[in-house]
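**Student:** Have a look at this one.
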Amino acid sequence: MTGEMVSLRLSREFLAAKLCALLALIAILALTACGGGGGSGGNGGSTSTTGSQTATNNVQAIVVDAGPPVIPGGAINEPFVTITVCAPNNPGNCQTIDHVLVDTGSWGLRLISAVLTPALAAALPQTTDANGNAIVECTPFADGYSWGPVKSANLQISGETATALPMQVIGDANFSSIPASCSSQGQSSEDTVATFGANGVIGVGTFAQDCGLACVQNANLNVYYLCGASSCQSTALALAKQVQNPVTYFANDNNGVMISLPAVSASGAATVTGSLIFGVGTQTNNGLGSAGIYTISNSTGYFTVSYNGTSYPDSFIDSGSNGLFFNDSAITQCSDNSGFYCPTSTLSLSAVNQGMNGNSGTVSFAVGNEAAIPGSITASPLLAGINGDPASFDWGLPFFYGRNVYSVIEGKSIGGAVGPYFAY
């Protein structure tokens with residue numbers, strides 16, 4: 001397991017300076033929440049799916065594995081996909097990139113610059129303002145930050161295409177001068193595969209842009225910058241110029257995603273294969289069926305979890321978190337100060353999710369001893385740890401095992417409800 005990377009969680013609530021506690025959560029979980037693996041850009045990626053479901057043009061294989069050798073100790077509970085990225089002005093200039101983290105807790109495509117071939121990197125158009133100043137983004141974490149320009153790319157994944165998609169290239173050598181207002185937001189830069197923990201991330205959560213109206217209305221958030229010949233200045237930015245949820249750019253299947261992963265036994269698995277399915281209720285393989293709908297706040301993306309007699313209103317479902325993160329002082333923590341739980345025996349627990357729409361449902365889960373998980377295991381339903389936000393319960397990847405989990409994007413109507421919402 002990697003102790004260096006945390007989940008990419010650039011959230012509009014953080015950017016609006018409303019909910020910094022979420023980032024405090026990630027700081028404590030320095031060993032825990034997310035990152036995963038990724039090698040140099042390469043081949044890979046199957047369109048096969050789990051079970052007997054027939055592969056269709058909206059299905060992309062997910063693999064949970066140990067990631068690349070550059071990640072110390074390997075990854076655990078990290079879902080990866082393979083994507084293809086092309087230059088918008090030269091659609092034949094393409095590259096297939098594996099080990100891109102699937103994250104329902106963020107929005108937008110971000111790739112490590114070093115993963116891209118020089119030919120493709122040079123061909124991706126730089127996004128600029130009306131005066132030709134380059135638009136660059138500072139992606140903040142509690143333990144670090146990622147800095148890089150916003151560029152335009154064509155994304156191909158399964159049978160879906162997002163054309164001229166605004167995305168971030170992290171660690172671009174052409175933008176090596178990082179403003180202090182960005183670098184001061186974290187302890188260190190996370191601009192390489194080893195420090196970032198993956199070749200990139202594809203944020204397919206419940207919002208359309210990674211910052212939204214907060215960055216439209218405020219020029220001093222130190223998220224988006226205009227960079228000229230000598231300096232970079234924090235700026236407000238129109239919605240259309242921001243890094244975009246790629247799902248919203250698809251011609252079809254553009255209202256959300258479904259993640260389908262098989263159940264994993266308590267002993268764990270060396271690897272797991274599942275599916276990232278685009279669209280909700282758009283094809284025969286992504287219908288809601290009897291799934292319960294849990295609407296979330298339009299401004300924060302949160303809903304309420306009740307656990308052990310306490311309500312946690314800042315709660316969320318996040319495939320980019322590699323464990324279940326919540327606070328319970330009765331559970332023994334691991335002696336290595338990792339932030340994980342290490343009970344002497346596996347605990348059977350439950351919590352109640354309640355959506356903004358009033359729907360509620362009990363979720364049963366188990367917590368095991370993190371220190372007892374063999375190094376050969378990359379998928380464990382028992383991984384859990386403390387949460388730095390006292391008002392938060394984070395349903396990370398263990399929640400996804402054995403479930404179809406839907407994320408419906410803001411403003412999209414399906415199943416009698418309007419997004420943003422989760423369903424399962």
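Starting from 1 in every chain, residues are counted up; chains themselves are A, B, ... following the order of the structure tokens, and ligands are numbered from 1 as listed.
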Among region 81-290 of chain A, which ones does DSSP assign to helix (DSSP H, G or I) (computed from the backbone)? Answer as an NGL selection string.

**Tutor:** :A and (113-115 or 118-123 or 173-175 or 180-183 or 193-196 or 213-217 or 239-241 or 246-249)

**Student:** Counting only C-alpha atoms, which residues of region 66-95 of chain A sit at most 10 Å from some atom of region 153-166 of chain A, and what is each one's closest atom pair with its distance in Å to one decimal, listed by chain and rising residue number, as JSON lines?

**Tutor:**
{"residue": "A:Val81", "atom": "CA", "partner": "A:Ile157", "partner_atom": "CA", "distance": 8.8}
{"residue": "A:Thr82", "atom": "CA", "partner": "A:Ile157", "partner_atom": "CA", "distance": 7.5}
{"residue": "A:Ile83", "atom": "CA", "partner": "A:Ile157", "partner_atom": "CA", "distance": 5.2}
{"residue": "A:Thr84", "atom": "CA", "partner": "A:Gln156", "partner_atom": "CA", "distance": 5.0}
{"residue": "A:Val85", "atom": "CA", "partner": "A:Leu155", "partner_atom": "CA", "distance": 4.8}
{"residue": "A:Cys86", "atom": "CA", "partner": "A:Asn154", "partner_atom": "CA", "distance": 5.0}
{"residue": "A:Ala87", "atom": "CA", "partner": "A:Ala153", "partner_atom": "CA", "distance": 5.5}
{"residue": "A:Pro88", "atom": "CA", "partner": "A:Asn154", "partner_atom": "CA", "distance": 5.5}
{"residue": "A:Asn89", "atom": "CA", "partner": "A:Ala153", "partner_atom": "CA", "distance": 9.0}
{"residue": "A:Asn90", "atom": "CA", "partner": "A:Asn154", "partner_atom": "CA", "distance": 9.7}
{"residue": "A:Pro91", "atom": "CA", "partner": "A:Asn154", "partner_atom": "CA", "distance": 7.8}
{"residue": "A:Cys94", "atom": "CA", "partner": "A:Asn154", "partner_atom": "CA", "distance": 8.8}
{"residue": "A:Gln95", "atom": "CA", "partner": "A:Leu155", "partner_atom": "CA", "distance": 10.0}

**Student:** Quick one: of A:Ser230, A:Ser311, A:Gln242, A:Ser319, who's nearest to Leu276 (chain A), counting only C-alpha atoms?

**Tutor:**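 Among the listed residues, A:Ser319 lies closest to Leu276 (chain A).
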
**Student:** Can you list, as a list in words, all residues belonging to region 336-409 of chain A that DSSP tags as strand (DSSP E or B)?

**Tutor:** Phe340, Tyr341, Leu347, Ser348, Leu349, Ser350, Ala351, Val352, Asn353, Gln354, Ser360, Gly361, Thr362, Val363, Ser364, Phe365, Ala366, Val367, Ala379, Ala384, Gly385, Asp394, Trp395, Tyr401, Asn404, Val405, Tyr406, Ser407 and Val408 of chain A

**Student:** List the neighbours of region 361-378 of chain A out to 7 Å using only C-alpha atoms; skip same-chain residues closer than 3 positions along the sequence, and give me the result as a tab-separated table (two decimals) with N, CA and C atoms, in the first residue's frame.

**Tutor:**
chain	number	residue	atom	x	y	z
A	64	VAL	N	-8.91	-3.33	-10.51
A	64	VAL	CA	-8.34	-2.99	-9.21
A	64	VAL	C	-7.08	-3.84	-9.07
A	65	ASP	N	-5.92	-3.19	-9.09
A	65	ASP	CA	-4.67	-3.94	-8.99
A	65	ASP	C	-3.64	-3.13	-8.23
A	66	ALA	N	-2.40	-3.62	-8.23
A	66	ALA	CA	-1.35	-3.02	-7.42
A	66	ALA	C	-0.71	-1.80	-8.05
A	75	ALA	N	-0.63	-0.43	-4.68
A	75	ALA	CA	-1.90	0.20	-4.34
A	75	ALA	C	-2.87	-0.83	-3.79
A	76	ILE	N	-3.87	-0.34	-3.09
A	76	ILE	CA	-4.96	-1.19	-2.63
A	76	ILE	C	-6.26	-0.42	-2.79
A	77	ASN	N	-7.29	-1.13	-3.28
A	77	ASN	CA	-8.61	-0.55	-3.48
A	77	ASN	C	-8.57	0.69	-4.37
A	268	GLY	N	-10.04	-10.89	0.87
A	268	GLY	CA	-9.51	-10.02	-0.15
A	268	GLY	C	-9.22	-10.74	-1.45
A	269	ALA	N	-8.72	-10.00	-2.43
A	269	ALA	CA	-8.41	-10.56	-3.75
A	269	ALA	C	-7.16	-9.90	-4.29
A	270	ALA	N	-6.41	-10.68	-5.09
A	270	ALA	CA	-5.18	-10.17	-5.69
A	270	ALA	C	-5.48	-9.16	-6.77
A	271	THR	N	-6.62	-9.29	-7.42
A	271	THR	CA	-7.06	-8.32	-8.42
A	271	THR	C	-8.56	-8.49	-8.62
A	340	PHE	N	-5.38	4.10	9.78
A	340	PHE	CA	-6.28	2.97	9.58
A	340	PHE	C	-6.69	2.36	10.91
A	341	TYR	N	-7.76	1.55	10.84
A	341	TYR	CA	-8.20	0.79	12.00
A	341	TYR	C	-7.58	-0.60	11.99
A	342	CYS	N	-7.25	-1.09	13.20
A	342	CYS	CA	-6.66	-2.43	13.37
A	342	CYS	C	-7.34	-3.15	14.52
A	343	PRO	N	-8.64	-3.46	14.42
A	343	PRO	CA	-9.30	-4.21	15.49
A	343	PRO	C	-8.74	-5.62	15.61
A	344	THR	N	-8.84	-6.20	16.79
A	344	THR	CA	-8.29	-7.54	17.01
A	344	THR	C	-9.08	-8.61	16.27
A	345	SER	N	-10.34	-8.33	15.96
A	345	SER	CA	-11.16	-9.24	15.16
A	345	SER	C	-12.06	-8.40	14.26
A	346	THR	N	-12.53	-9.01	13.18
A	346	THR	CA	-13.35	-8.27	12.22
A	346	THR	C	-14.66	-7.84	12.86
A	347	LEU	N	-15.02	-6.59	12.64
A	347	LEU	CA	-16.23	-6.02	13.22
A	347	LEU	C	-17.34	-5.95	12.18
A	348	SER	N	-18.55	-6.31	12.56
A	348	SER	CA	-19.73	-6.16	11.71
A	348	SER	C	-20.50	-4.94	12.18
A	349	LEU	N	-20.63	-3.93	11.30
A	349	LEU	CA	-21.21	-2.65	11.67
A	349	LEU	C	-22.29	-2.25	10.68
A	350	SER	N	-22.97	-1.17	10.97
A	350	SER	CA	-23.98	-0.65	10.04
A	350	SER	C	-24.13	0.85	10.22
A	351	ALA	N	-24.61	1.50	9.17
A	351	ALA	CA	-24.90	2.93	9.20
A	351	ALA	C	-26.11	3.17	8.32
A	352	VAL	N	-26.72	4.33	8.46
A	352	VAL	CA	-27.92	4.67	7.69
A	352	VAL	C	-27.62	5.88	6.81
A	353	ASN	N	-27.82	5.72	5.51
A	353	ASN	CA	-27.70	6.84	4.58
A	353	ASN	C	-29.04	7.53	4.42
A	354	GLN	N	-29.03	8.86	4.40
A	354	GLN	CA	-30.26	9.61	4.18
A	354	GLN	C	-30.00	10.71	3.17
A	382	LEU	N	-12.53	-4.72	3.81
A	382	LEU	CA	-12.43	-4.47	5.25
A	382	LEU	C	-11.61	-3.24	5.60
A	383	LEU	N	-11.04	-2.56	4.62
A	383	LEU	CA	-10.15	-1.44	4.89
A	383	LEU	C	-10.93	-0.22	5.35
A	384	ALA	N	-10.56	0.32	6.50
A	384	ALA	CA	-11.26	1.48	7.06
A	384	ALA	C	-10.31	2.27	7.93

**Student:** Kindly indicate which residue among A:Asn131, A:Asn222, A:Ser315, A:Ser146 lies nearest to Ser189 (chain A), using only C-alpha atoms for the distances.

**Tutor:** A:Ser146

**Student:** Find the nearest atom pair between each residue of region 354-396 of chain A and region 281-295 of chain A for residues within 8 Å, count only C-alpha atoms, give distances in Å to one decimal, sort rows by chain and ascending number, and present the table as JSON lines.

**Tutor:**
{"residue": "A:Gln354", "atom": "CA", "partner": "A:Tyr294", "partner_atom": "CA", "distance": 6.7}
{"residue": "A:Gly355", "atom": "CA", "partner": "A:Tyr294", "partner_atom": "CA", "distance": 4.2}
{"residue": "A:Met356", "atom": "CA", "partner": "A:Thr295", "partner_atom": "CA", "distance": 5.1}
{"residue": "A:Asn357", "atom": "CA", "partner": "A:Thr295", "partner_atom": "CA", "distance": 5.7}
{"residue": "A:Gly358", "atom": "CA", "partner": "A:Tyr294", "partner_atom": "CA", "distance": 7.9}
{"residue": "A:Asn359", "atom": "CA", "partner": "A:Tyr294", "partner_atom": "CA", "distance": 6.1}
{"residue": "A:Ser360", "atom": "CA", "partner": "A:Tyr294", "partner_atom": "CA", "distance": 7.6}

**Student:** Taking a cut-off of 10 Å and counting only C-alpha atoms, can you build a table that, for each residue of region 203-307 of chain A near region 386-400 of chain A, reports the nearest atom pair and how far apart they are in Å (one decimal), sorted by chain then residue number, as JSON lines?

**Tutor:**
{"residue": "A:Ile259", "atom": "CA", "partner": "A:Phe400", "partner_atom": "CA", "distance": 7.6}
{"residue": "A:Ser260", "atom": "CA", "partner": "A:Phe400", "partner_atom": "CA", "distance": 7.4}
{"residue": "A:Leu261", "atom": "CA", "partner": "A:Phe400", "partner_atom": "CA", "distance": 6.4}
{"residue": "A:Pro262", "atom": "CA", "partner": "A:Phe400", "partner_atom": "CA", "distance": 8.3}
{"residue": "A:Ala263", "atom": "CA", "partner": "A:Phe400", "partner_atom": "CA", "distance": 8.4}
{"residue": "A:Val264", "atom": "CA", "partner": "A:Pro398", "partner_atom": "CA", "distance": 8.7}
{"residue": "A:Tyr302", "atom": "CA", "partner": "A:Ser392", "partner_atom": "CA", "distance": 9.0}
{"residue": "A:Phe303", "atom": "CA", "partner": "A:Ser392", "partner_atom": "CA", "distance": 9.4}
{"residue": "A:Thr304", "atom": "CA", "partner": "A:Phe393", "partner_atom": "CA", "distance": 8.3}
{"residue": "A:Val305", "atom": "CA", "partner": "A:Phe393", "partner_atom": "CA", "distance": 6.5}
{"residue": "A:Ser306", "atom": "CA", "partner": "A:Phe393", "partner_atom": "CA", "distance": 8.8}
{"residue": "A:Tyr307", "atom": "CA", "partner": "A:Phe393", "partner_atom": "CA", "distance": 8.6}

**Student:** Select, from A:Val257, A:Leu226, A:Ile317, A:Ala330, the residue with the minimum atom-to-atom distance to Val408 (chain A), counting only C-alpha atoms.

**Tutor:**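 Closest to Val408 (chain A) of all the choices is A:Val257.
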
**Student:** I'd like the neighbourhood of Gly228 (chain A) as a list of chain:residue names, where a residue qualifies if any of its atoms comes within 10 Å (using only C-alpha atoms), though same-chain residues fewer than 6 positions away should be ignored.

**Tutor:**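 Listed by chain and then number, they are A:Asn131, A:Gly132, A:Asn133, A:Ala134, A:Ile135.
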
**Student:** I need the residue nearest Ala236 (chain A) from this list: A:Gly279, A:Ser321, A:Ser176, A:Asp129. Use only C-alpha atoms for the distance.

**Tutor:**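 Smallest distance to Ala236 (chain A) is found for A:Asp129.
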
**Student:** Name the closest residue to Phe422 (chain A) among the candidates A:Phe175, A:Phe207, A:Trp107, A:Phe250; distances are taken between atoms, counting only C-alpha atoms.

**Tutor:**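 Closest to Phe422 (chain A), using only C-alpha atoms: A:Phe207.
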